[in-house]
file upload36.cif (mmCIF, C-alpha atoms (C1' of nucleotides))
data_entry
loop_
_atom_site.group_PDB
_atom_site.id
_atom_site.type_symbol
_atom_site.label_atom_id
_atom_site.label_comp_id
_atom_site.auth_asym_id
_atom_site.auth_seq_id
_atom_site.Cartn_x
_atom_site.Cartn_y
_atom_site.Cartn_z
ATOM 1 C CA MET A 625 -17.191 85.071 -34.058
ATOM 2 C CA GLY A 626 -14.058 83.130 -34.773
ATOM 3 C CA ALA A 627 -14.713 82.630 -38.431
ATOM 4 C CA THR A 628 -12.522 84.444 -40.914
ATOM 5 C CA LYS A 629 -14.391 87.297 -42.634
ATOM 6 C CA THR A 630 -13.569 86.190 -46.138
ATOM 7 C CA ASP A 631 -16.282 88.356 -47.705
ATOM 8 C CA HIS A 632 -14.512 91.545 -46.750
ATOM 9 C CA PHE A 633 -11.301 90.813 -48.574
ATOM 10 C CA THR A 634 -10.431 90.603 -52.239
ATOM 11 C CA GLU A 635 -10.422 87.303 -54.055
ATOM 12 C CA ARG A 636 -6.674 87.536 -54.500
ATOM 13 C CA GLN A 637 -6.098 88.097 -50.801
ATOM 14 C CA ASN A 638 -8.258 85.114 -49.950
ATOM 15 C CA GLN A 639 -6.582 82.937 -52.552
ATOM 16 C CA LEU A 640 -3.137 83.812 -51.266
ATOM 17 C CA ALA A 641 -4.202 83.142 -47.680
ATOM 18 C CA THR A 642 -5.777 79.800 -48.582
ATOM 19 C CA LEU A 643 -2.685 78.805 -50.495
ATOM 20 C CA ALA A 644 -0.475 79.656 -47.531
ATOM 21 C CA LYS A 645 -2.770 77.760 -45.212
ATOM 22 C CA ALA A 646 -2.366 74.623 -47.304
ATOM 23 C CA ILE A 647 1.352 74.530 -46.534
ATOM 24 C CA ALA A 648 1.032 75.983 -43.031
ATOM 25 C CA HIS A 649 1.576 72.652 -41.305
ATOM 26 C CA PRO A 650 4.827 70.738 -40.879
ATOM 27 C CA ALA A 651 3.150 67.434 -41.708
ATOM 28 C CA ARG A 652 2.018 68.795 -45.054
ATOM 29 C CA ILE A 653 5.474 70.180 -45.749
ATOM 30 C CA ALA A 654 6.880 66.761 -44.830
ATOM 31 C CA ILE A 655 4.492 65.064 -47.240
ATOM 32 C CA LEU A 656 5.494 67.405 -50.056
ATOM 33 C CA ASP A 657 9.173 66.972 -49.145
ATOM 34 C CA TYR A 658 8.751 63.247 -49.452
ATOM 35 C CA LEU A 659 6.910 63.426 -52.757
ATOM 36 C CA ILE A 660 9.709 65.620 -54.083
ATOM 37 C CA LYS A 661 12.427 63.357 -52.702
ATOM 38 C CA VAL A 662 11.235 60.075 -54.099
ATOM 39 C CA ASP A 663 10.880 61.846 -57.404
ATOM 40 C CA SER A 664 7.987 59.761 -58.608
ATOM 41 C CA CYS A 665 4.436 58.987 -57.845
ATOM 42 C CA ILE A 666 4.046 57.240 -54.566
ATOM 43 C CA CYS A 667 1.823 54.287 -53.952
ATOM 44 C CA GLY A 668 1.577 53.577 -50.259
ATOM 45 C CA ASP A 669 4.287 54.143 -47.667
ATOM 46 C CA ILE A 670 3.527 57.806 -47.058
ATOM 47 C CA VAL A 671 2.075 56.854 -43.706
ATOM 48 C CA ASN A 672 5.289 55.079 -42.689
ATOM 49 C CA GLU A 673 7.280 58.198 -43.445
ATOM 50 C CA LEU A 674 5.357 60.370 -41.030
ATOM 51 C CA PRO A 675 5.136 60.385 -37.234
ATOM 52 C CA LEU A 676 1.364 60.465 -37.377
ATOM 53 C CA ALA A 677 -1.451 57.961 -37.382
ATOM 54 C CA GLN A 678 -2.946 56.823 -40.653
ATOM 55 C CA PRO A 679 -6.226 58.770 -40.384
ATOM 56 C CA THR A 680 -4.292 61.960 -39.654
ATOM 57 C CA VAL A 681 -2.043 61.519 -42.669
ATOM 58 C CA SER A 682 -5.068 60.757 -44.808
ATOM 59 C CA GLN A 683 -6.624 64.016 -43.665
ATOM 60 C CA HIS A 684 -3.529 66.041 -44.526
ATOM 61 C CA LEU A 685 -3.365 64.382 -47.924
ATOM 62 C CA LYS A 686 -6.977 65.355 -48.461
ATOM 63 C CA GLU A 687 -6.219 68.976 -47.670
ATOM 64 C CA LEU A 688 -3.273 69.039 -50.038
ATOM 65 C CA LYS A 689 -5.502 67.509 -52.667
ATOM 66 C CA ASN A 690 -8.217 70.088 -52.046
ATOM 67 C CA ALA A 691 -5.655 72.843 -52.411
ATOM 68 C CA GLY A 692 -4.656 71.261 -55.717
ATOM 69 C CA LEU A 693 -1.025 70.791 -54.754
ATOM 70 C CA ILE A 694 -1.152 67.045 -55.183
ATOM 71 C CA LYS A 695 -3.263 64.654 -57.187
ATOM 72 C CA GLY A 696 -3.938 61.007 -56.661
ATOM 73 C CA ASP A 697 -5.325 58.168 -58.677
ATOM 74 C CA ILE A 698 -6.564 54.870 -57.422
ATOM 75 C CA GLU A 699 -4.168 52.165 -58.466
ATOM 76 C CA GLY A 700 -5.099 48.714 -57.360
ATOM 77 C CA ASN A 701 -5.427 48.626 -53.600
ATOM 78 C CA ALA A 702 -3.202 51.612 -53.177
ATOM 79 C CA ILE A 703 -3.293 55.246 -54.200
ATOM 80 C CA CYS A 704 -0.763 56.874 -56.434
ATOM 81 C CA TYR A 705 -0.046 60.347 -55.161
ATOM 82 C CA CYS A 706 2.145 62.948 -56.764
ATOM 83 C CA ILE A 707 2.645 66.673 -57.019
ATOM 84 C CA ASP A 708 0.372 68.497 -59.427
ATOM 85 C CA GLU A 709 2.830 70.238 -61.692
ATOM 86 C CA ASN A 710 0.422 72.904 -62.904
ATOM 87 C CA THR A 711 -0.902 74.023 -59.540
ATOM 88 C CA TRP A 712 2.622 73.897 -58.145
ATOM 89 C CA LYS A 713 3.848 76.362 -60.756
ATOM 90 C CA GLN A 714 0.776 78.514 -60.301
ATOM 91 C CA PHE A 715 1.354 78.732 -56.552
ATOM 92 C CA GLN A 716 4.987 79.556 -57.098
ATOM 93 C CA ASP A 717 3.923 82.390 -59.385
ATOM 94 C CA ILE A 718 1.359 83.804 -56.985
ATOM 95 C CA LEU A 719 3.817 83.788 -54.104
ATOM 96 C CA ASN A 720 6.588 85.256 -56.221
ATOM 97 C CA THR A 721 4.350 88.038 -57.433
ATOM 98 C CA PHE A 722 3.402 88.824 -53.867
ATOM 99 C CA PHE A 723 6.935 88.852 -52.512
ATOM 100 C CA ASN A 724 8.352 90.682 -55.509
ATOM 101 C CA GLY A 725 5.712 93.365 -55.064
ATOM 102 C CA TYR A 726 7.789 94.828 -52.292
ATOM 103 C CA THR A 727 10.918 96.780 -53.074
ATOM 104 C CA PRO A 728 12.720 98.329 -50.104
ATOM 105 C CA LYS A 729 12.752 102.099 -49.941
ATOM 106 C CA THR A 730 16.048 103.916 -49.628
ATOM 107 C CA GLU A 731 14.683 106.043 -46.841
ATOM 108 C CA SER A 732 12.944 104.007 -44.206
ATOM 109 C CA CYS A 733 11.999 105.410 -40.833
ATOM 110 C CA CYS A 734 12.005 102.164 -38.820
ATOM 111 C CA MET B 642 -4.799 66.121 -29.133
ATOM 112 C CA GLY B 643 -5.336 69.069 -31.416
ATOM 113 C CA ALA B 644 -1.875 70.505 -30.955
ATOM 114 C CA THR B 645 0.551 70.240 -33.824
ATOM 115 C CA LYS B 646 3.286 67.692 -33.137
ATOM 116 C CA THR B 647 6.146 70.062 -33.847
ATOM 117 C CA ASP B 648 8.721 67.849 -32.135
ATOM 118 C CA HIS B 649 8.385 65.155 -34.741
ATOM 119 C CA PHE B 650 9.302 67.314 -37.695
ATOM 120 C CA THR B 651 12.538 68.930 -38.765
ATOM 121 C CA GLU B 652 13.336 72.502 -37.845
ATOM 122 C CA ARG B 653 13.139 73.493 -41.489
ATOM 123 C CA GLN B 654 9.705 71.945 -41.901
ATOM 124 C CA ASN B 655 8.453 73.764 -38.831
ATOM 125 C CA GLN B 656 9.986 77.045 -39.924
ATOM 126 C CA LEU B 657 8.392 76.796 -43.347
ATOM 127 C CA ALA B 658 5.028 75.954 -41.823
ATOM 128 C CA THR B 659 5.235 78.824 -39.325
ATOM 129 C CA LEU B 660 6.185 81.212 -42.086
ATOM 130 C CA ALA B 661 3.240 80.097 -44.193
ATOM 131 C CA LYS B 662 0.932 80.423 -41.210
ATOM 132 C CA ALA B 663 1.953 84.045 -40.769
ATOM 133 C CA ILE B 664 0.522 84.912 -44.172
ATOM 134 C CA ALA B 665 -2.322 82.388 -44.025
ATOM 135 C CA HIS B 666 -4.985 84.996 -43.310
ATOM 136 C CA PRO B 667 -6.525 87.495 -45.725
ATOM 137 C CA ALA B 668 -6.348 90.279 -43.136
ATOM 138 C CA ARG B 669 -2.610 89.821 -42.808
ATOM 139 C CA ILE B 670 -2.201 89.773 -46.573
ATOM 140 C CA ALA B 671 -4.285 92.952 -46.710
ATOM 141 C CA ILE B 672 -2.054 94.598 -44.111
ATOM 142 C CA LEU B 673 1.062 93.673 -46.057
ATOM 143 C CA ASP B 674 -0.585 94.803 -49.312
ATOM 144 C CA TYR B 675 -1.263 98.161 -47.730
ATOM 145 C CA LEU B 676 2.235 98.542 -46.338
ATOM 146 C CA ILE B 677 3.596 97.771 -49.797
ATOM 147 C CA LYS B 678 1.153 100.130 -51.503
ATOM 148 C CA VAL B 679 1.760 103.235 -49.424
ATOM 149 C CA ASP B 680 5.443 102.579 -49.940
ATOM 150 C CA SER B 681 6.523 104.049 -46.653
ATOM 151 C CA CYS B 682 6.242 103.475 -42.985
ATOM 152 C CA ILE B 683 2.732 103.902 -41.779
ATOM 153 C CA CYS B 684 1.740 105.746 -38.683
ATOM 154 C CA GLY B 685 -1.891 105.142 -37.893
ATOM 155 C CA ASP B 686 -4.679 104.547 -40.394
ATOM 156 C CA ILE B 687 -4.054 100.828 -40.821
ATOM 157 C CA VAL B 688 -7.226 100.175 -38.860
ATOM 158 C CA ASN B 689 -9.284 102.351 -41.215
ATOM 159 C CA GLU B 690 -8.052 100.363 -44.177
ATOM 160 C CA LEU B 691 -9.381 97.064 -42.879
ATOM 161 C CA PRO B 692 -12.923 95.775 -42.349
ATOM 162 C CA LEU B 693 -12.057 94.657 -38.836
ATOM 163 C CA ALA B 694 -12.241 96.130 -35.355
ATOM 164 C CA GLN B 695 -9.194 97.781 -33.868
ATOM 165 C CA PRO B 696 -8.292 95.018 -31.399
ATOM 166 C CA THR B 697 -8.457 92.450 -34.179
ATOM 167 C CA VAL B 698 -6.163 94.465 -36.419
ATOM 168 C CA SER B 699 -3.799 94.981 -33.505
ATOM 169 C CA GLN B 700 -3.685 91.231 -32.991
ATOM 170 C CA HIS B 701 -2.878 90.554 -36.645
ATOM 171 C CA LEU B 702 -0.157 93.195 -36.545
ATOM 172 C CA LYS B 703 1.286 91.470 -33.519
ATOM 173 C CA GLU B 704 1.408 88.163 -35.351
ATOM 174 C CA LEU B 705 3.124 89.708 -38.341
ATOM 175 C CA LYS B 706 5.585 91.312 -35.972
ATOM 176 C CA ASN B 707 6.206 88.003 -34.188
ATOM 177 C CA ALA B 708 6.856 86.369 -37.533
ATOM 178 C CA GLY B 709 9.340 89.137 -38.240
ATOM 179 C CA LEU B 710 7.641 90.294 -41.418
ATOM 180 C CA ILE B 711 7.019 93.792 -40.134
ATOM 181 C CA LYS B 712 8.647 95.976 -37.555
ATOM 182 C CA GLY B 713 7.223 98.870 -35.626
ATOM 183 C CA ASP B 714 8.613 101.696 -33.573
ATOM 184 C CA ILE B 715 6.730 103.916 -31.222
ATOM 185 C CA GLU B 716 6.545 107.386 -32.678
ATOM 186 C CA GLY B 717 4.703 109.894 -30.586
ATOM 187 C CA ASN B 718 1.167 108.717 -30.005
ATOM 188 C CA ALA B 719 1.204 106.487 -33.030
ATOM 189 C CA ILE B 720 3.179 103.503 -34.185
ATOM 190 C CA CYS B 721 5.310 103.457 -37.268
ATOM 191 C CA TYR B 722 4.936 100.104 -38.970
ATOM 192 C CA CYS B 723 6.787 98.918 -42.007
ATOM 193 C CA ILE B 724 7.954 95.775 -43.734
ATOM 194 C CA ASP B 725 11.145 94.277 -42.398
ATOM 195 C CA GLU B 726 13.319 94.124 -45.482
ATOM 196 C CA ASN B 727 15.644 91.421 -44.195
ATOM 197 C CA THR B 728 13.017 88.964 -43.018
ATOM 198 C CA TRP B 729 11.029 89.620 -46.168
ATOM 199 C CA LYS B 730 13.949 88.589 -48.342
ATOM 200 C CA GLN B 731 14.680 85.627 -46.115
ATOM 201 C CA PHE B 732 11.097 84.387 -46.390
ATOM 202 C CA GLN B 733 11.178 84.834 -50.125
ATOM 203 C CA ASP B 734 14.318 82.722 -50.258
ATOM 204 C CA ILE B 735 12.942 79.958 -48.084
ATOM 205 C CA LEU B 736 9.766 79.727 -50.128
ATOM 206 C CA ASN B 737 11.653 79.864 -53.409
ATOM 207 C CA THR B 738 13.996 77.124 -52.314
ATOM 208 C CA PHE B 739 11.038 74.985 -51.359
ATOM 209 C CA PHE B 740 9.110 75.509 -54.566
ATOM 210 C CA ASN B 741 12.200 75.231 -56.759
ATOM 211 C CA GLY B 742 13.016 71.915 -55.089
ATOM 212 C CA TYR B 743 10.440 70.287 -57.295
ATOM 213 C CA THR B 744 11.151 69.658 -60.950
ATOM 214 C CA PRO B 745 8.483 67.788 -62.876
ATOM 215 C CA LYS B 746 9.401 64.366 -64.160
ATOM 216 C CA THR B 747 9.027 63.572 -67.809
ATOM 217 C CA GLU B 748 7.238 60.359 -67.010
ATOM 218 C CA SER B 749 4.511 60.829 -64.463
ATOM 219 C CA CYS B 750 1.964 58.164 -63.711
ATOM 220 C CA CYS B 751 -0.870 60.405 -62.487
ATOM 221 C "C1'" DG C 264 -16.241 32.739 -50.500
ATOM 222 C "C1'" DT C 265 -12.853 34.692 -46.329
ATOM 223 C "C1'" DA C 266 -8.612 36.888 -45.142
ATOM 224 C "C1'" DT C 267 -5.438 40.657 -45.953
ATOM 225 C "C1'" DT C 268 -3.951 45.147 -47.230
ATOM 226 C "C1'" DT C 269 -4.575 49.944 -48.019
ATOM 227 C "C1'" DT C 270 -6.888 54.192 -47.828
ATOM 228 C "C1'" DA C 271 -11.094 56.941 -46.451
ATOM 229 C "C1'" DT C 272 -14.537 58.495 -43.393
ATOM 230 C "C1'" DC C 273 -16.956 59.116 -38.889
ATOM 231 C "C1'" DG C 274 -17.034 60.850 -34.416
ATOM 232 C "C1'" DC C 275 -15.036 62.875 -30.797
ATOM 233 C "C1'" DA C 276 -11.585 65.354 -27.685
ATOM 234 C "C1'" DA C 277 -7.904 68.732 -27.258
ATOM 235 C "C1'" DT C 278 -6.034 72.777 -28.784
ATOM 236 C "C1'" DA C 279 -5.576 76.948 -31.789
ATOM 237 C "C1'" DT C 280 -7.361 80.798 -34.247
ATOM 238 C "C1'" DT C 281 -10.334 84.618 -35.096
ATOM 239 C "C1'" DA C 282 -13.013 88.380 -33.586
ATOM 240 C "C1'" DC C 283 -14.433 92.010 -30.652
ATOM 241 C "C1'" DG C 284 -16.198 94.689 -26.427
ATOM 242 C "C1'" DA C 285 -14.242 96.565 -22.483
ATOM 243 C "C1'" DT C 286 -10.451 98.401 -20.558
ATOM 244 C "C1'" DA C 287 -5.623 99.777 -20.001
ATOM 245 C "C1'" DT C 288 -1.535 102.212 -21.515
ATOM 246 C "C1'" DG C 289 1.132 106.000 -23.123
ATOM 247 C "C1'" DA C 290 2.050 110.148 -25.404
ATOM 248 C "C1'" DA C 291 0.572 114.713 -27.016
ATOM 249 C "C1'" DT C 292 -2.511 118.597 -26.229
ATOM 250 C "C1'" DT C 293 -5.021 121.765 -23.817
ATOM 251 C "C1'" DA D 1360 -4.119 117.512 -14.237
ATOM 252 C "C1'" DA D 1361 -7.731 116.411 -17.351
ATOM 253 C "C1'" DT D 1362 -8.759 115.426 -22.208
ATOM 254 C "C1'" DT D 1363 -7.846 113.374 -26.413
ATOM 255 C "C1'" DC D 1364 -5.977 110.113 -29.605
ATOM 256 C "C1'" DA D 1365 -3.818 105.777 -30.992
ATOM 257 C "C1'" DT D 1366 -2.537 101.341 -29.926
ATOM 258 C "C1'" DA D 1367 -2.210 97.281 -26.786
ATOM 259 C "C1'" DT D 1368 -4.015 93.880 -23.731
ATOM 260 C "C1'" DC D 1369 -7.634 91.199 -21.270
ATOM 261 C "C1'" DG D 1370 -11.402 88.252 -21.322
ATOM 262 C "C1'" DT D 1371 -14.481 85.609 -23.649
ATOM 263 C "C1'" DA D 1372 -17.342 83.514 -27.381
ATOM 264 C "C1'" DA D 1373 -17.502 81.322 -31.871
ATOM 265 C "C1'" DT D 1374 -15.318 78.618 -35.090
ATOM 266 C "C1'" DA D 1375 -11.406 75.950 -37.129
ATOM 267 C "C1'" DT D 1376 -7.702 72.762 -36.917
ATOM 268 C "C1'" DT D 1377 -5.283 68.750 -35.381
ATOM 269 C "C1'" DG D 1378 -5.100 64.085 -34.023
ATOM 270 C "C1'" DC D 1379 -6.615 59.493 -33.518
ATOM 271 C "C1'" DG D 1380 -9.524 55.211 -32.389
ATOM 272 C "C1'" DA D 1381 -13.075 52.775 -34.530
ATOM 273 C "C1'" DT D 1382 -15.015 51.551 -38.561
ATOM 274 C "C1'" DA D 1383 -16.030 51.445 -43.529
ATOM 275 C "C1'" DA D 1384 -14.825 50.705 -48.349
ATOM 276 C "C1'" DA D 1385 -12.412 48.595 -52.089
ATOM 277 C "C1'" DA D 1386 -9.105 45.915 -54.195
ATOM 278 C "C1'" DT D 1387 -5.982 41.827 -54.027
ATOM 279 C "C1'" DA D 1388 -4.629 37.211 -52.279
ATOM 280 C "C1'" DC D 1389 -5.628 32.921 -50.754
#
call {"tool": "encode", "arguments": {"input": "upload36.cif", "output": "structure tokens"}}
result
Amino acid sequence: MGATKTDHFTERQNQLATLAKAIAHPARIAILDYLIKVDSCICGDIVNELPLAQPTVSQHLKELKNAGLIKGDIEGNAICYCIDENTWKQFQDILNTFFNGYTPKTESCC
Amino acid sequence: MGATKTDHFTERQNQLATLAKAIAHPARIAILDYLIKVDSCICGDIVNELPLAQPTVSQHLKELKNAGLIKGDIEGNAICYCIDENTWKQFQDILNTFFNGYTPKTESCC
DNA sequence: GTATTTTATCGCAATATTACGATATGAATT
DNA sequence: AATTCATATCGTAATATTGCGATAAAATAC
């Protein structure tokens, strides 16, 4: 055991969970924060911005890339990373739909 | 190693990550889906709705409760669970703020 | 060519998460 | 008090995640 039983849930539930997992780490939030802050594609210096070793940052970048949240192109001997506008909007939509799905009842027993 | 280096990130980054982690599992999404669907507090039958054993469901409920997303009161020999309206709205805000923080640039190099 | 710089990958150790059987708890029922 | 029902907790096994040192890969600089 220990492995998530993905088969038993709907595709939407799994997608939402995977999406949440992609941003479920402060380092990955910090990376996205930074990409938003500098307001342009970033070549290099992401490692210097984080309190983590280079291989660890590289791994987090990979996960963000797998999730589709960021994209990166090789540019000389550096990589140009930036937020993937389309996936970003898509994620925003999915989360909004989920959270807007709930409307508080007038009568609640708890 | 293996433990997340929470100390090195801002409180906001950690909060956002923790929040995301709370919904980063299809079973927990499914529980929230169900609570939204039945549109009232639920006493019992959450276990029957999920493809997981009772202790596992109980554990997921506990995590959702820890995150503040749901609240539960003892009601006879059952528990009345429902979505915590306030935390729900708060989470929605935090996520919205995060996702709205990004506005695509006209000139993007990737 | 050899250095230098930057990012990726490998391999491993530490920790966290997921899942569930067994058992405990706690309230209602008989 | 014993039974029943619903949920919680304990203990443990399987798997996943996090982190980093060592090393590789790939481009630039000299």
call {"tool": "closest_atom_pairs", "arguments": {"input": "upload36.cif", "of": "chain D", "to": "chain A", "cutoff": "8 Å", "atoms": "only C-alpha atoms (C1' of nucleotides)", "output": "Markdown table"}}
result
| residue | atom | partner | partner_atom | distance |
| --- | --- | --- | --- | --- |
| D:DA1372 | C1' | A:Met625 | CA | 6.9 |
| D:DA1373 | C1' | A:Met625 | CA | 4.4 |
| D:DT1374 | C1' | A:Gly626 | CA | 4.7 |
| D:DA1375 | C1' | A:Ala627 | CA | 7.6 |
| D:DG1378 | C1' | A:Thr680 | CA | 6.1 |
| D:DC1379 | C1' | A:Ala677 | CA | 6.6 |
| D:DA1385 | C1' | A:Asn701 | CA | 7.1 |
| D:DA1386 | C1' | A:Asn701 | CA | 4.6 |
| D:DT1387 | C1' | A:Asn701 | CA | 6.8 |
call {"tool": "atom_distance", "arguments": {"input": "upload36.cif", "atom1": "CA of Asp714 in chain B", "atom2": "CA of Arg669 in chain B"}}
result
18.8 Å
call {"tool": "calpha_fit_and_write", "arguments": {"input": "upload36.cif", "fixed": "chain B", "moving": "chain A", "output": "mmCIF file with C-alpha atoms, in the coordinates of the input"}}
result
data_model
loop_
_atom_site.group_PDB
_atom_site.id
_atom_site.type_symbol
_atom_site.label_atom_id
_atom_site.label_comp_id
_atom_site.auth_asym_id
_atom_site.auth_seq_id
_atom_site.Cartn_x
_atom_site.Cartn_y
_atom_site.Cartn_z
ATOM 1 C CA MET A 625 -4.890 66.136 -29.051
ATOM 2 C CA GLY A 626 -5.334 69.004 -31.432
ATOM 3 C CA ALA A 627 -1.908 70.456 -30.967
ATOM 4 C CA THR A 628 0.541 70.239 -33.834
ATOM 5 C CA LYS A 629 3.304 67.692 -33.148
ATOM 6 C CA THR A 630 6.144 70.058 -33.864
ATOM 7 C CA ASP A 631 8.725 67.844 -32.147
ATOM 8 C CA HIS A 632 8.396 65.154 -34.768
ATOM 9 C CA PHE A 633 9.323 67.311 -37.711
ATOM 10 C CA THR A 634 12.558 68.933 -38.777
ATOM 11 C CA GLU A 635 13.341 72.504 -37.870
ATOM 12 C CA ARG A 636 13.140 73.494 -41.514
ATOM 13 C CA GLN A 637 9.707 71.952 -41.921
ATOM 14 C CA ASN A 638 8.463 73.762 -38.844
ATOM 15 C CA GLN A 639 9.997 77.043 -39.939
ATOM 16 C CA LEU A 640 8.401 76.808 -43.357
ATOM 17 C CA ALA A 641 5.029 75.952 -41.828
ATOM 18 C CA THR A 642 5.229 78.818 -39.337
ATOM 19 C CA LEU A 643 6.187 81.208 -42.090
ATOM 20 C CA ALA A 644 3.229 80.103 -44.193
ATOM 21 C CA LYS A 645 0.931 80.417 -41.217
ATOM 22 C CA ALA A 646 1.948 84.041 -40.758
ATOM 23 C CA ILE A 647 0.517 84.924 -44.163
ATOM 24 C CA ALA A 648 -2.318 82.388 -44.033
ATOM 25 C CA HIS A 649 -4.978 84.991 -43.315
ATOM 26 C CA PRO A 650 -6.511 87.498 -45.718
ATOM 27 C CA ALA A 651 -6.351 90.278 -43.137
ATOM 28 C CA ARG A 652 -2.610 89.813 -42.800
ATOM 29 C CA ILE A 653 -2.198 89.761 -46.565
ATOM 30 C CA ALA A 654 -4.280 92.948 -46.699
ATOM 31 C CA ILE A 655 -2.049 94.588 -44.106
ATOM 32 C CA LEU A 656 1.078 93.668 -46.052
ATOM 33 C CA ASP A 657 -0.575 94.801 -49.298
ATOM 34 C CA TYR A 658 -1.254 98.146 -47.717
ATOM 35 C CA LEU A 659 2.247 98.535 -46.325
ATOM 36 C CA ILE A 660 3.601 97.772 -49.788
ATOM 37 C CA LYS A 661 1.167 100.135 -51.494
ATOM 38 C CA VAL A 662 1.780 103.215 -49.426
ATOM 39 C CA ASP A 663 5.456 102.586 -49.951
ATOM 40 C CA SER A 664 6.534 104.043 -46.652
ATOM 41 C CA CYS A 665 6.247 103.494 -42.990
ATOM 42 C CA ILE A 666 2.739 103.900 -41.774
ATOM 43 C CA CYS A 667 1.737 105.741 -38.668
ATOM 44 C CA GLY A 668 -1.897 105.117 -37.888
ATOM 45 C CA ASP A 669 -4.675 104.531 -40.402
ATOM 46 C CA ILE A 670 -4.082 100.811 -40.824
ATOM 47 C CA VAL A 671 -7.242 100.177 -38.859
ATOM 48 C CA ASN A 672 -9.286 102.357 -41.222
ATOM 49 C CA GLU A 673 -8.062 100.346 -44.175
ATOM 50 C CA LEU A 674 -9.376 97.060 -42.862
ATOM 51 C CA PRO A 675 -12.908 95.755 -42.333
ATOM 52 C CA LEU A 676 -12.062 94.666 -38.818
ATOM 53 C CA ALA A 677 -12.245 96.135 -35.354
ATOM 54 C CA GLN A 678 -9.210 97.800 -33.857
ATOM 55 C CA PRO A 679 -8.317 95.030 -31.377
ATOM 56 C CA THR A 680 -8.463 92.458 -34.172
ATOM 57 C CA VAL A 681 -6.157 94.466 -36.407
ATOM 58 C CA SER A 682 -3.802 94.994 -33.494
ATOM 59 C CA GLN A 683 -3.680 91.242 -32.989
ATOM 60 C CA HIS A 684 -2.866 90.565 -36.636
ATOM 61 C CA LEU A 685 -0.160 93.209 -36.543
ATOM 62 C CA LYS A 686 1.279 91.486 -33.503
ATOM 63 C CA GLU A 687 1.412 88.173 -35.326
ATOM 64 C CA LEU A 688 3.122 89.714 -38.324
ATOM 65 C CA LYS A 689 5.577 91.318 -35.954
ATOM 66 C CA ASN A 690 6.212 88.023 -34.181
ATOM 67 C CA ALA A 691 6.861 86.375 -37.521
ATOM 68 C CA GLY A 692 9.350 89.156 -38.232
ATOM 69 C CA LEU A 693 7.647 90.292 -41.416
ATOM 70 C CA ILE A 694 7.022 93.779 -40.116
ATOM 71 C CA LYS A 695 8.625 95.992 -37.524
ATOM 72 C CA GLY A 696 7.229 98.925 -35.658
ATOM 73 C CA ASP A 697 8.586 101.750 -33.603
ATOM 74 C CA ILE A 698 6.704 103.973 -31.256
ATOM 75 C CA GLU A 699 6.490 107.430 -32.724
ATOM 76 C CA GLY A 700 4.649 109.926 -30.631
ATOM 77 C CA ASN A 701 1.142 108.696 -29.970
ATOM 78 C CA ALA A 702 1.175 106.489 -33.000
ATOM 79 C CA ILE A 703 3.176 103.513 -34.182
ATOM 80 C CA CYS A 704 5.275 103.479 -37.286
ATOM 81 C CA TYR A 705 4.919 100.133 -38.980
ATOM 82 C CA CYS A 706 6.759 98.920 -42.027
ATOM 83 C CA ILE A 707 7.954 95.780 -43.730
ATOM 84 C CA ASP A 708 11.150 94.271 -42.388
ATOM 85 C CA GLU A 709 13.324 94.125 -45.464
ATOM 86 C CA ASN A 710 15.654 91.431 -44.166
ATOM 87 C CA THR A 711 13.041 88.958 -42.993
ATOM 88 C CA TRP A 712 11.047 89.614 -46.152
ATOM 89 C CA LYS A 713 13.975 88.578 -48.331
ATOM 90 C CA GLN A 714 14.712 85.621 -46.098
ATOM 91 C CA PHE A 715 11.135 84.374 -46.391
ATOM 92 C CA GLN A 716 11.217 84.831 -50.128
ATOM 93 C CA ASP A 717 14.362 82.712 -50.243
ATOM 94 C CA ILE A 718 12.966 79.934 -48.081
ATOM 95 C CA LEU A 719 9.797 79.709 -50.143
ATOM 96 C CA ASN A 720 11.698 79.850 -53.412
ATOM 97 C CA THR A 721 14.030 77.099 -52.312
ATOM 98 C CA PHE A 722 11.064 74.967 -51.368
ATOM 99 C CA PHE A 723 9.149 75.499 -54.588
ATOM 100 C CA ASN A 724 12.227 75.217 -56.775
ATOM 101 C CA GLY A 725 13.044 71.905 -55.122
ATOM 102 C CA TYR A 726 10.463 70.272 -57.315
ATOM 103 C CA THR A 727 11.176 69.644 -60.963
ATOM 104 C CA PRO A 728 8.483 67.792 -62.908
ATOM 105 C CA LYS A 729 9.382 64.343 -64.149
ATOM 106 C CA THR A 730 8.994 63.530 -67.817
ATOM 107 C CA GLU A 731 7.215 60.322 -66.983
ATOM 108 C CA SER A 732 4.479 60.818 -64.457
ATOM 109 C CA CYS A 733 1.867 58.192 -63.733
ATOM 110 C CA CYS A 734 -0.942 60.473 -62.511
#
call {"tool": "interface_residues", "arguments": {"input": "upload36.cif", "of": "chain C", "to": "chain A", "cutoff": "12 Å", "atoms": "all atoms listed in the file", "output": "mmCIF file with C-alpha atoms (C1' of nucleotides), keeping the file's coordinate frame"}}
result
data_model
loop_
_atom_site.group_PDB
_atom_site.id
_atom_site.type_symbol
_atom_site.label_atom_id
_atom_site.label_comp_id
_atom_site.auth_asym_id
_atom_site.auth_seq_id
_atom_site.Cartn_x
_atom_site.Cartn_y
_atom_site.Cartn_z
ATOM 1 C "C1'" DT C 267 -5.438 40.657 -45.953
ATOM 2 C "C1'" DT C 268 -3.951 45.147 -47.230
ATOM 3 C "C1'" DT C 269 -4.575 49.944 -48.019
ATOM 4 C "C1'" DT C 270 -6.888 54.192 -47.828
ATOM 5 C "C1'" DA C 271 -11.094 56.941 -46.451
ATOM 6 C "C1'" DT C 272 -14.537 58.495 -43.393
ATOM 7 C "C1'" DC C 273 -16.956 59.116 -38.889
ATOM 8 C "C1'" DA C 279 -5.576 76.948 -31.789
ATOM 9 C "C1'" DT C 280 -7.361 80.798 -34.247
ATOM 10 C "C1'" DT C 281 -10.334 84.618 -35.096
ATOM 11 C "C1'" DA C 282 -13.013 88.380 -33.586
ATOM 12 C "C1'" DC C 283 -14.433 92.010 -30.652
#
